[in-house]
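Student: For reference, this is coords.cif, and it has mmCIF, C-alpha atoms.
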```cif
data_work
#
loop_
_atom_site.label_atom_id
_atom_site.label_comp_id
_atom_site.auth_asym_id
_atom_site.auth_seq_id
_atom_site.Cartn_x
_atom_site.Cartn_y
_atom_site.Cartn_z
CA MET A 1 60.31 158.74 95.63
CA ASP A 2 62.65 161.67 96.10
CA MET A 3 63.28 162.87 99.59
CA PRO A 4 63.64 166.57 100.29
CA HIS A 5 67.25 167.61 100.73
CA ASP A 6 68.08 169.34 104.00
CA GLN A 7 71.04 171.73 103.89
CA ASN A 8 72.38 170.24 107.16
CA MET A 9 72.34 166.66 105.85
CA PRO A 10 74.91 165.48 103.30
CA MET A 11 73.39 164.15 100.11
CA ILE A 12 74.39 160.59 99.30
CA MET A 13 73.99 159.74 95.64
CA ASN A 14 73.72 156.22 94.23
CA MET A 15 74.45 154.51 97.52
CA VAL A 16 72.37 151.57 98.67
CA MET A 17 73.23 149.88 101.94
CA GLN A 18 71.60 146.72 103.19
CA MET A 19 70.17 147.03 106.67
CA ASN A 20 69.33 143.33 107.09
CA PHE A 21 71.14 140.05 106.48
CA TYR A 22 71.02 138.73 102.92
CA TRP A 23 72.62 136.08 100.71
CA GLY A 24 74.43 136.87 97.50
CA LYS A 25 77.66 137.89 95.84
CA ASP A 26 76.48 141.44 95.17
CA VAL A 27 78.10 143.06 98.18
CA THR A 28 80.60 145.79 99.00
CA ILE A 29 83.16 144.70 101.57
CA LEU A 30 85.49 147.26 103.12
CA PHE A 31 86.19 149.17 99.89
CA LYS A 32 83.99 150.45 97.07
CA GLY A 33 84.16 148.12 94.09
CA TRP A 34 85.35 145.11 96.08
CA PRO A 35 84.40 142.33 95.24
CA ASN A 36 82.70 144.17 92.36
CA ASN A 37 79.76 141.71 91.94
CA ASN A 38 82.12 139.02 90.65
CA LEU A 39 81.68 135.48 92.03
CA GLY A 40 85.41 134.72 91.98
CA MET A 41 86.23 137.92 93.85
CA TYR A 42 83.40 137.22 96.30
CA ILE A 43 84.87 133.79 97.08
CA LEU A 44 88.31 135.39 97.49
CA SER A 45 86.70 137.91 99.87
CA LEU A 46 85.25 135.06 101.92
CA PHE A 47 88.72 133.54 102.29
CA PHE A 48 90.20 136.95 103.12
CA VAL A 49 87.65 137.62 105.89
CA PHE A 50 88.10 134.07 107.23
CA PHE A 51 91.87 134.49 107.49
CA MET A 52 91.55 137.94 109.05
CA ALA A 53 89.25 136.53 111.76
CA PHE A 54 91.53 133.50 112.20
CA GLY A 55 94.53 135.83 112.49
CA VAL A 56 92.83 137.92 115.16
CA GLU A 57 92.45 134.83 117.35
CA ILE A 58 96.00 133.64 116.72
CA MET A 59 97.30 137.10 117.56
CA SER A 60 95.28 137.08 120.79
CA MET A 61 97.97 134.84 122.25
CA GLY A 62 100.06 137.99 122.29
CA PRO A 63 103.70 138.51 121.53
CA ILE A 64 106.33 137.21 123.87
CA MET A 65 108.03 140.28 125.27
CA ILE A 66 111.67 139.25 125.44
CA ASN A 67 112.72 142.25 127.44
CA LYS A 68 111.21 145.30 129.04
CA ARG A 69 113.38 147.73 127.16
CA PRO A 70 111.64 150.42 125.14
CA ILE A 71 112.13 148.48 121.89
CA GLY A 72 110.23 145.48 123.31
CA ILE A 73 107.40 147.72 124.46
CA ILE A 74 107.26 149.41 121.05
CA GLN A 75 107.15 146.02 119.30
CA SER A 76 104.31 144.93 121.57
CA GLY A 77 102.45 148.16 120.81
CA ILE A 78 102.84 147.65 117.05
CA TYR A 79 101.67 144.03 117.39
CA TYR A 80 98.59 145.12 119.35
CA THR A 81 97.84 147.88 116.84
CA LEU A 82 97.98 145.42 113.92
CA ARG A 83 95.68 143.06 115.81
CA MET A 84 93.16 145.87 116.39
CA VAL A 85 93.29 146.82 112.69
CA LEU A 86 92.32 143.24 111.83
CA VAL A 87 89.56 143.28 114.46
CA TYR A 88 88.03 146.44 113.01
CA PHE A 89 88.36 145.20 109.41
CA VAL A 90 86.48 142.02 110.35
CA MET A 91 83.84 144.12 112.11
CA LEU A 92 83.41 146.37 109.07
CA ALA A 93 83.21 143.35 106.75
CA VAL A 94 80.46 141.83 108.91
CA MET A 95 78.64 145.17 108.78
CA SER A 96 78.07 144.50 105.08
CA PHE A 97 75.21 142.30 106.40
CA ASN A 98 76.12 139.53 103.96
CA ILE A 99 75.38 136.13 105.48
CA GLY A 100 78.36 134.49 103.76
CA ILE A 101 80.75 137.07 105.21
CA PHE A 102 79.15 136.69 108.64
CA ILE A 103 79.49 132.89 108.56
CA VAL A 104 83.16 132.89 107.50
CA ALA A 105 83.99 135.51 110.13
CA ILE A 106 82.43 133.33 112.83
CA LEU A 107 84.17 130.22 111.48
CA GLY A 108 87.52 132.04 111.37
CA HIS A 109 87.17 133.23 114.95
CA GLY A 110 86.01 129.78 116.09
CA LEU A 111 88.77 127.83 114.37
CA GLY A 112 91.38 130.35 115.52
CA TYR A 113 90.16 129.99 119.10
CA VAL A 114 90.38 126.18 118.89
CA VAL A 115 93.94 126.38 117.53
CA VAL A 116 94.98 128.79 120.31
CA LYS A 117 93.48 126.61 123.05
CA PHE A 118 95.00 123.47 121.54
CA ARG A 119 98.43 125.11 121.53
CA GLU A 120 97.97 126.18 125.16
CA LEU A 121 96.95 122.63 126.12
CA VAL A 122 99.99 121.14 124.37
CA ALA A 123 102.25 123.71 126.05
CA ALA A 124 100.75 122.89 129.47
CA GLU A 125 101.25 119.14 128.92
CA THR A 126 104.84 119.71 127.82
CA THR A 127 105.51 121.73 130.97
CA THR A 128 103.89 119.04 133.11
CA ASP A 129 105.94 116.28 131.47
CA SER A 130 109.21 118.14 131.94
CA ASN A 131 108.47 118.80 135.63
CA GLY A 132 107.47 115.21 136.28
CA THR A 133 104.36 116.21 138.22
CA ASP A 134 100.73 115.90 137.36
CA PRO A 135 98.77 119.14 137.94
CA LYS A 136 95.50 117.14 138.34
CA VAL A 137 96.62 115.71 141.69
#
```
For this file, produce the structure as structure tokens.
Tutor:
Amino acid sequence: MDMPHDQNMPMIMNMVMQMNFYWGKDVTILFKGWPNNNLGMYILSLFFVFFMAFGVEIMSMGPIMINKRPIGIIQSGIYYTLRMVLVYFVMLAVMSFNIGIFIVAILGHGLGYVVVKFRELVAAETTTDSNGTDPKV
């Protein structure tokens, strides 16, 4: 069924976008033609989205600003910008509504969060051991 074309609305040709979650390798993630309905490329895409989500959580620890000179502030700004690029790429990948992509994004964020919290726990225990005091008391 053809829809009437309004002059104020851009015409989109040959574009189909899922508006609900679905399974399958036939998906467009981030860029047209990627993963190009190829199972191997789809699996690579799953790993890519997983590591982007994992990286977002690892980067949430933030850079250690060594000094407050302008170069340190600029480095922190670049670090934050790169983290936000990854955040938005993960968001756009999830907006493909592919269940596989959604699951690996959640797993990447979850595993990244666990790694970050584990590192914080180890760092806190190391600080406690070097001070000789127990913070629980």
Student: For the atom pair atom CA of A:Tyr79 and atom CA of A:Phe47, what is the interatomic distance in Å to one decimal place?
Tutor: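 Atom CA of A:Phe47 lies at a distance of 22.5 Å from atom CA of A:Tyr79.
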Student: For the structure shown, which residues end up in the PyMOL selection byres ((chain A and resi 23-30) around 6)? Put them as a list in words, please?
Tutor: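 Expected selection for the PyMOL selection byres ((chain A and resi 23-30) around 6) here is Tyr22, Phe31, Trp34, Asn37, Tyr42, Ala93, Asn98 and Ile99 of chain A.
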Student: Find, counting all atoms listed in the file, the residue in A:Gly55, A:Gly108, A:Pro70, A:Gly100 that gets nearest to A:Arg83.
Tutor: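 Of A:Gly55, A:Gly108, A:Pro70, A:Gly100, the one nearest A:Arg83, counting all atoms listed in the file, is A:Gly55.
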Student: With the file shown as input, list the residues that the PyMOL selection byres ((chain A and resi 87) around 12) selects, as a list of chain:residue names.
Tutor: A:Val49, A:Phe50, A:Phe51, A:Met52, A:Ala53, A:Phe54, A:Gly55, A:Val56, A:Glu57, A:Ile58, A:Met59, A:Ser60, A:Tyr80, A:Thr81, A:Leu82, A:Arg83, A:Met84, A:Val85, A:Leu86, A:Tyr88, A:Phe89, A:Val90, A:Met91, A:Leu92, A:Ala93, A:Val94, A:Ala105, A:Gly108, A:His109
Student: Around all of stretch 117-128 of chain A's listed atoms, make the axis-aligned box with 3 Å on each side and tell me centre and edge lengths in Å to one decimal, as JSON.
Tutor:
```
{"center_x": 99.5, "center_y": 122.8, "center_z": 127.3, "size_x": 18.0, "size_y": 13.6, "size_z": 17.6}
```
Student: Using all atoms listed in the file, can you tell me which of A:Ile106, A:Ala124, A:Val116, A:Ile101 comes closest to A:Phe21?
Tutor: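 Closest to A:Phe21, using all atoms listed in the file: A:Ile101.
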Student: Of the residues A:Leu46, A:Ala123, A:Ile73, A:Met61, which is the one nearest to A:Val104, using all atoms listed in the file?
Tutor: A:Leu46
Student: Work out how far atom CA of A:Asn20 is from atom CA of A:Gly112, in Å to one decimal.
Tutor: 26.9 Å
Student: In Å, rounded to a single decimal, give me how far atom CA of A:Pro35 is from atom CA of A:Phe48.
Tutor: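 Computing the Euclidean distance for atom CA of A:Phe48 and atom CA of A:Pro35 yields 11.2 Å.
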Student: My list of candidates is A:Phe97, A:Phe102, A:Gly77, A:Glu120. Which is closest to A:Met19 when distances are computed with all atoms listed in the file?
Tutor: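 Counting all atoms listed in the file, the residue closest to A:Met19 is A:Phe97.
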